[in-house]
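J.: The structure that follows is given in the form of structure tokens.
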Amino acid sequence: MRWIPIMACSAALLASVVPSQAQTAPAKTPAPQGATHLMLPPVPKKLLPDSFAGWVASEAPKKVTDVAQADPASVAALKEYDFTDAELASYKRGGETLDLHALRFHDASGAYGAYSFYRQSGWPKEEIGTGATSNHNRVLFWLGNTVVDANFSHISPMSGSELRELAAQIPVPDGSRALAPPILSNLPKQSLDGQTTHYALGPAGYVGAGGVLPPDLVSFDRGAEAVTATYSLRSGPATLTIIDYPTPQMAAAQETRIRAFIKAGNQSQSPWPKPLVDSDQASLEVRRSGPLVALVSGDAIPDESHKLLAMVHFETDLTSIPQPMESEIAKTSKLLLGIAGLVIIGASAAVLLGFFLGGGRALYRLARGKPISSVYDEEFTSLNLRD
């Protein structure tokens with residue numbers, strides 16, 4: 001019966017320990033709730049500096065987001081090119097002044113379209129930014145997704161280098177936003193006057209840049225974009241219009257409409273725009289290539305117009321789609337192959353080690369005049385008993 005008092009003592013000891021542990025155990029504090037992080041959009045970088053090349057701003061550049069404040073006369077066109085914001089500033093240097101309007105767009109396509117909208121055909125080319133032109137005291141250039149319109153009180157031989165210094169400080173976008181409109185690559189390069197190229201994303205920009213066709217016939221509301229350019233052919237200037245549609249089926253339907261419009265002539269119910277009226281009717285020709293619809297107008301002879309139109313060819317660029325990272329099956333197979341490799345390496349090492357140790361022992365026994373194997377050794381136990 002000795003176990004009864006032992007159990008009673010143990011129970012009493014346990015009862016005294018449990019409450020003390022409960023008292024000393026720290027109280028659990030509620031887990032802190034995670035902080036809420038707000039992801040704000042990045043603040044756009046400044047377009048115009050306070051000073052550059054000796055020019056000092058009269059006051060801090062004014063930033064505007066209302067397109068009507070940036071250019072009241074071109075509100076519709078700038079909206080089509082996806083205008084985002086602008087900075088306006090006036091600079092002084094000595095007794096001279098310089099007014100700068102820097103317009104920023106969503107991507108480089110919009111910037112190039114606005115640049116081609118402002119640039120008039122025949123303005124000389126300048127080497128500033130990605131593309132530039134000038135007209136007396138006015139210099140226009142574009143870089144990345146920004147168009148800069150500069151008006152000097154007095155132009156000088158150093159004005160170009162001063163604007164190049166300004167262009168080096170303008171931020172440019174990354175990735176696909178920095179790419180020029182892909183439709184430009186469809187323009188034939190031979191005999192092209194690069195200073196006459198105009199890119200349009202809507203009717204306002206198309207008409208403002210001297211579009212050949214009525215804008216409703218182009219169907220910008222269906223996702224079309226257009227580019228026009230002048231070619232200096234031997235028989236006379238020709239204007240090439242290329243319209244890019246989202247699908248070849250849509251382009252085929254629009255080609256039929258445009259062809260019927262050209263064939264109907266300048267009728268009262270559907271009057272032609274002035275560029276078509278001024279063109280040689282025998283040289284007007286329409287052609288489709290994939291999602292592209294091309295039209296030649298102007299004064300060139302039909303043979304040269306046809307050759308120019310035949311050079312427009314749509315080519316599909318196949319782009320490899322990035323594949324996801326390795327699948328679980330691929331990872332498992334690599335793991336199994338790695339294990340099998342380790343087993344093979346370990347077995348090979350064991351065989352070589354056994355051969356080395358066993359062979360060394362056999363040579364040692366052979367050198368002592370004994371058989372290479374100890375199997376043939378006789379076991380003998382000596383007690384050394386003496387009388």
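Following the order of the structure tokens, first chain is A, next is B, and so on, with residues numbered from 1 inside each chain and ligands from 1 in the order they appear.
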Could you list, as a list in words, every residue within 12 Å of Leu192 (chain A), counting only C-alpha atoms and ignoring same-chain residues fewer than 4 positions away?

T.: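 Contacts, in chain order: Leu184, Asn186, Leu187, Pro188, Thr196, Thr197, Thr228, Ala229, Thr230, Tyr231, Ser232, Leu233, Pro237, Ala238, Thr239, Leu240 and Leu308 of chain A.
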
J.: Store the residues of this selection in a file with C-alpha atoms, as a PDB file, in the first residue's frame.

T.:
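What landed in result-v1.pdb:
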```pdb
ATOM      1  CA  LEU A 184       5.661  54.291 -90.593  1.00  0.00           C
ATOM      2  CA  ASN A 186       5.216  50.478 -94.335  1.00  0.00           C
ATOM      3  CA  LEU A 187       6.126  53.672 -96.200  1.00  0.00           C
ATOM      4  CA  PRO A 188       8.484  52.962 -99.135  1.00  0.00           C
ATOM      5  CA  THR A 196       5.930  65.650 -95.494  1.00  0.00           C
ATOM      6  CA  THR A 197       4.937  62.635 -93.382  1.00  0.00           C
ATOM      7  CA  THR A 228       0.325  60.293 -95.564  1.00  0.00           C
ATOM      8  CA  ALA A 229       3.568  61.229 -97.302  1.00  0.00           C
ATOM      9  CA  THR A 230       4.691  62.949-100.497  1.00  0.00           C
ATOM     10  CA  TYR A 231       7.021  61.269-103.018  1.00  0.00           C
ATOM     11  CA  SER A 232       9.102  63.133-105.562  1.00  0.00           C
ATOM     12  CA  LEU A 233       8.687  60.985-108.677  1.00  0.00           C
ATOM     13  CA  PRO A 237       4.776  64.615-106.954  1.00  0.00           C
ATOM     14  CA  ALA A 238       2.567  61.833-105.647  1.00  0.00           C
ATOM     15  CA  THR A 239       0.863  61.493-102.262  1.00  0.00           C
ATOM     16  CA  LEU A 240       0.663  58.059-100.689  1.00  0.00           C
ATOM     17  CA  LEU A 308       4.755  53.262-105.861  1.00  0.00           C
TER      18      LEU A 308
END
```

J.: List as number ranges by chain the protein and nucleic acid residues near Phe314 (chain A), meaning an atom at most 8 Å away when only C-alpha atoms are counted, but skip any in the same chain fewer than 6 places from it.

T.: A: 186, 289-292

J.: Could you pull the residues within 12 Å of Val207 (chain A), counting only C-alpha atoms, minus those fewer than 4 positions along the same chain, as a CSV table (one decimal) with N, CA and C atoms, in the first residue's frame?

T.:
```csv
chain,number,residue,atom,x,y,z
A,74,SER,N,-6.1,73.7,-81.1
A,74,SER,CA,-5.9,72.3,-81.5
A,74,SER,C,-6.4,71.3,-80.5
A,76,ALA,N,-9.1,69.3,-80.2
A,76,ALA,CA,-9.6,68.0,-80.7
A,76,ALA,C,-8.5,67.1,-81.2
A,77,ALA,N,-7.5,67.7,-81.9
A,77,ALA,CA,-6.4,66.9,-82.4
A,77,ALA,C,-5.5,66.4,-81.3
A,117,PHE,N,1.5,66.9,-87.0
A,117,PHE,CA,0.3,67.8,-87.1
A,117,PHE,C,0.7,69.3,-87.2
A,198,HIS,N,2.8,62.7,-92.3
A,198,HIS,CA,1.8,63.1,-91.3
A,198,HIS,C,1.1,61.8,-90.8
A,199,TYR,N,1.0,61.7,-89.5
A,199,TYR,CA,0.4,60.6,-88.8
A,199,TYR,C,-0.9,61.0,-88.1
A,200,ALA,N,-2.0,60.3,-88.3
A,200,ALA,CA,-3.3,60.7,-87.7
A,200,ALA,C,-3.9,59.5,-87.0
A,201,LEU,N,-4.5,59.8,-85.9
A,201,LEU,CA,-5.3,58.8,-85.1
A,201,LEU,C,-6.7,59.2,-85.0
A,202,GLY,N,-7.1,60.3,-85.6
A,202,GLY,CA,-8.5,60.7,-85.6
A,202,GLY,C,-8.8,61.7,-86.7
A,203,PRO,N,-10.1,62.0,-86.9
A,203,PRO,CA,-10.5,62.9,-88.0
A,203,PRO,C,-9.9,64.3,-87.9
A,211,GLY,N,-5.4,65.6,-95.0
A,211,GLY,CA,-5.8,64.3,-95.4
A,211,GLY,C,-6.5,64.3,-96.8
A,212,VAL,N,-6.3,63.2,-97.5
A,212,VAL,CA,-6.8,63.1,-98.9
A,212,VAL,C,-8.2,62.7,-98.9
A,213,LEU,N,-8.6,61.7,-98.1
A,213,LEU,CA,-9.9,61.2,-98.1
A,213,LEU,C,-10.8,61.9,-97.1
A,214,PRO,N,-12.1,61.8,-97.2
A,214,PRO,CA,-13.0,62.3,-96.2
A,214,PRO,C,-12.8,61.4,-94.9
A,215,PRO,N,-12.7,62.1,-93.7
A,215,PRO,CA,-12.4,61.3,-92.5
A,215,PRO,C,-13.4,60.2,-92.2
A,216,ASP,N,-14.7,60.4,-92.6
A,216,ASP,CA,-15.7,59.3,-92.3
A,216,ASP,C,-15.5,58.1,-93.2
A,218,VAL,N,-12.5,57.0,-93.9
A,218,VAL,CA,-11.3,56.3,-93.3
A,218,VAL,C,-11.8,55.5,-92.1
A,220,PHE,N,-12.1,56.3,-88.6
A,220,PHE,CA,-11.2,56.3,-87.4
A,220,PHE,C,-12.0,55.7,-86.2
A,226,ALA,N,-3.8,56.4,-89.8
A,226,ALA,CA,-3.4,56.7,-91.2
A,226,ALA,C,-2.1,57.5,-91.2
A,227,VAL,N,-1.4,57.3,-92.3
A,227,VAL,CA,-0.2,58.1,-92.5
A,227,VAL,C,-0.2,58.5,-94.0
A,228,THR,N,0.2,59.8,-94.2
A,228,THR,CA,0.3,60.3,-95.6
A,228,THR,C,1.7,60.8,-95.8
A,273,PRO,N,-12.6,65.9,-101.4
A,273,PRO,CA,-11.7,66.9,-100.8
A,273,PRO,C,-10.8,67.5,-101.8
A,274,LYS,N,-10.3,68.7,-101.5
A,274,LYS,CA,-9.4,69.4,-102.4
A,274,LYS,C,-8.2,68.6,-102.9
A,275,PRO,N,-7.5,67.8,-102.0
A,275,PRO,CA,-6.4,67.0,-102.6
A,275,PRO,C,-6.8,66.0,-103.7
```

J.: Find the residue from A:Gly95, A:Ala73, A:Asp244, A:Ala102 that sits nearest to Pro49 (chain A); use only C-alpha atoms when measuring.

T.: A:Ala102

J.: Which distance in Å separates CA of Pro302 (chain A) and CA of Ile243 (chain A), to one decimal?

T.: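 It comes out at 20.9 Å.
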
J.: Can you tell me how far CA of Ala57 (chain A) sits from CA of Ala111 (chain A), in Å to one decimal?

T.: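 Separation between CA of Ala57 (chain A) and CA of Ala111 (chain A): 24.4 Å.
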
J.: Step one, run DSSP on the backbone; step two, keep only residues of region 142-348 of chain A assigned to alpha helix (DSSP H); then write them as a PyMOL selection string.

T.: chain A and resi 159-167+203-208+215-218+248-264+274-277+302-310+328-348

J.: Please indicate the distance in Å from CA of Ala167 (chain A) to CA of Ala70 (chain A), rounded to one decimal place.

T.: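 Calculated distance between CA of Ala167 (chain A) and CA of Ala70 (chain A) is 19.5 Å.
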
J.: Give me, as a PyMOL selection string, all polymer residues having an atom no more than 8 Å from Thr65 (chain A), counting only C-alpha atoms and skipping those fewer than 5 positions away in the same chain.

T.: chain A and resi 70+84-86

J.: Please write the residues from the selection above to a file, keeping N, CA, C and O atoms, as a PDB file, in the first residue's frame.

T.:
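Saved as again_0.pdb:
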```pdb
ATOM      1  N   ALA A  70      -3.179  74.321 -73.028  1.00  0.00           N
ATOM      2  CA  ALA A  70      -1.944  74.040 -73.755  1.00  0.00           C
ATOM      3  C   ALA A  70      -1.998  74.599 -75.175  1.00  0.00           C
ATOM      4  O   ALA A  70      -1.034  75.213 -75.639  1.00  0.00           O
ATOM      5  N   THR A  84      -1.527  64.304 -72.292  1.00  0.00           N
ATOM      6  CA  THR A  84      -1.586  64.097 -70.840  1.00  0.00           C
ATOM      7  C   THR A  84      -1.347  65.385 -70.060  1.00  0.00           C
ATOM      8  O   THR A  84      -2.117  65.722 -69.168  1.00  0.00           O
ATOM      9  N   ASP A  85      -0.300  66.117 -70.362  1.00  0.00           N
ATOM     10  CA  ASP A  85      -0.010  67.353 -69.647  1.00  0.00           C
ATOM     11  C   ASP A  85       0.982  68.172 -70.450  1.00  0.00           C
ATOM     12  O   ASP A  85       1.509  67.711 -71.474  1.00  0.00           O
ATOM     13  N   ALA A  86       1.246  69.387 -69.986  1.00  0.00           N
ATOM     14  CA  ALA A  86       2.168  70.285 -70.687  1.00  0.00           C
ATOM     15  C   ALA A  86       2.787  71.241 -69.682  1.00  0.00           C
ATOM     16  O   ALA A  86       2.287  71.419 -68.566  1.00  0.00           O
TER      17      ALA A  86
END
```

J.: Near Leu276 (chain A), counting only C-alpha atoms, which residues have an atom at most 12 Å away, once you skip same-chain residues fewer than 4 positions from it, shown as a list in words?

T.: Gly210, Gly211, Val212, Leu213, Pro214, Ala238, Thr239, Leu240, Thr241, Phe261, Ile262, Gly265, Asn266, Pro271, Trp272, Asp280, Gln281, Ala282, Ser283, Leu284, Glu285, Leu295, Val296, Ser297, Gly298 and Asp299 of chain A

J.: Write out, as a CSV table (one decimal), in the first residue's frame, the residues just selected, with N, CA and C atoms.

T.:
```
chain,number,residue,atom,x,y,z
A,210,GLY,N,-4.1,67.8,-93.7
A,210,GLY,CA,-4.3,67.8,-95.2
A,210,GLY,C,-4.6,66.4,-95.7
A,211,GLY,N,-5.4,65.6,-95.0
A,211,GLY,CA,-5.8,64.3,-95.4
A,211,GLY,C,-6.5,64.3,-96.8
A,212,VAL,N,-6.3,63.2,-97.5
A,212,VAL,CA,-6.8,63.1,-98.9
A,212,VAL,C,-8.2,62.7,-98.9
A,213,LEU,N,-8.6,61.7,-98.1
A,213,LEU,CA,-9.9,61.2,-98.1
A,213,LEU,C,-10.8,61.9,-97.1
A,214,PRO,N,-12.1,61.8,-97.2
A,214,PRO,CA,-13.0,62.3,-96.2
A,214,PRO,C,-12.8,61.4,-94.9
A,238,ALA,N,3.7,62.8,-105.9
A,238,ALA,CA,2.6,61.8,-105.6
A,238,ALA,C,2.4,61.7,-104.1
A,239,THR,N,1.2,61.6,-103.7
A,239,THR,CA,0.9,61.5,-102.3
A,239,THR,C,0.4,60.1,-102.0
A,240,LEU,N,1.0,59.4,-101.1
A,240,LEU,CA,0.7,58.1,-100.7
A,240,LEU,C,0.0,58.1,-99.3
A,241,THR,N,-1.2,57.5,-99.3
A,241,THR,CA,-2.0,57.4,-98.0
A,241,THR,C,-2.1,55.9,-97.7
A,261,PHE,N,-15.9,55.1,-103.9
A,261,PHE,CA,-15.9,56.5,-103.8
A,261,PHE,C,-15.1,57.1,-104.9
A,262,ILE,N,-13.9,56.6,-105.2
A,262,ILE,CA,-13.1,57.1,-106.2
A,262,ILE,C,-13.7,56.9,-107.6
A,265,GLY,N,-16.5,59.5,-108.7
A,265,GLY,CA,-16.1,60.8,-109.1
A,265,GLY,C,-16.6,61.9,-108.2
A,266,ASN,N,-16.3,63.1,-108.6
A,266,ASN,CA,-16.6,64.3,-107.7
A,266,ASN,C,-18.1,64.6,-107.9
A,271,PRO,N,-19.0,65.1,-102.4
A,271,PRO,CA,-17.9,66.0,-103.0
A,271,PRO,C,-16.6,65.5,-102.5
A,272,TRP,N,-15.6,65.6,-103.4
A,272,TRP,CA,-14.2,65.2,-103.1
A,272,TRP,C,-13.5,66.3,-102.3
A,280,ASP,N,-4.5,64.1,-110.6
A,280,ASP,CA,-4.7,63.5,-111.9
A,280,ASP,C,-5.6,62.3,-111.7
A,281,GLN,N,-6.8,62.3,-112.3
A,281,GLN,CA,-7.8,61.3,-112.1
A,281,GLN,C,-7.3,59.9,-112.6
A,282,ALA,N,-6.5,59.9,-113.6
A,282,ALA,CA,-6.0,58.7,-114.2
A,282,ALA,C,-5.0,58.0,-113.3
A,283,SER,N,-4.4,58.8,-112.3
A,283,SER,CA,-3.4,58.2,-111.4
A,283,SER,C,-3.9,57.7,-110.1
A,284,LEU,N,-5.2,58.0,-109.9
A,284,LEU,CA,-5.8,57.5,-108.6
A,284,LEU,C,-5.9,56.0,-108.6
A,285,GLU,N,-5.4,55.3,-107.6
A,285,GLU,CA,-5.4,53.9,-107.5
A,285,GLU,C,-5.5,53.4,-106.0
A,295,LEU,N,-3.6,54.3,-100.9
A,295,LEU,CA,-4.2,55.1,-102.0
A,295,LEU,C,-3.1,56.0,-102.5
A,296,VAL,N,-3.0,56.1,-103.9
A,296,VAL,CA,-2.0,57.0,-104.5
A,296,VAL,C,-2.8,58.1,-105.2
A,297,SER,N,-2.4,59.4,-104.9
A,297,SER,CA,-3.0,60.6,-105.5
A,297,SER,C,-1.9,61.5,-105.9
A,298,GLY,N,-2.2,62.6,-106.6
A,298,GLY,CA,-1.2,63.5,-107.1
A,298,GLY,C,-1.1,63.6,-108.6
A,299,ASP,N,0.0,64.1,-109.1
A,299,ASP,CA,0.2,64.4,-110.5
A,299,ASP,C,1.1,63.4,-111.2
```
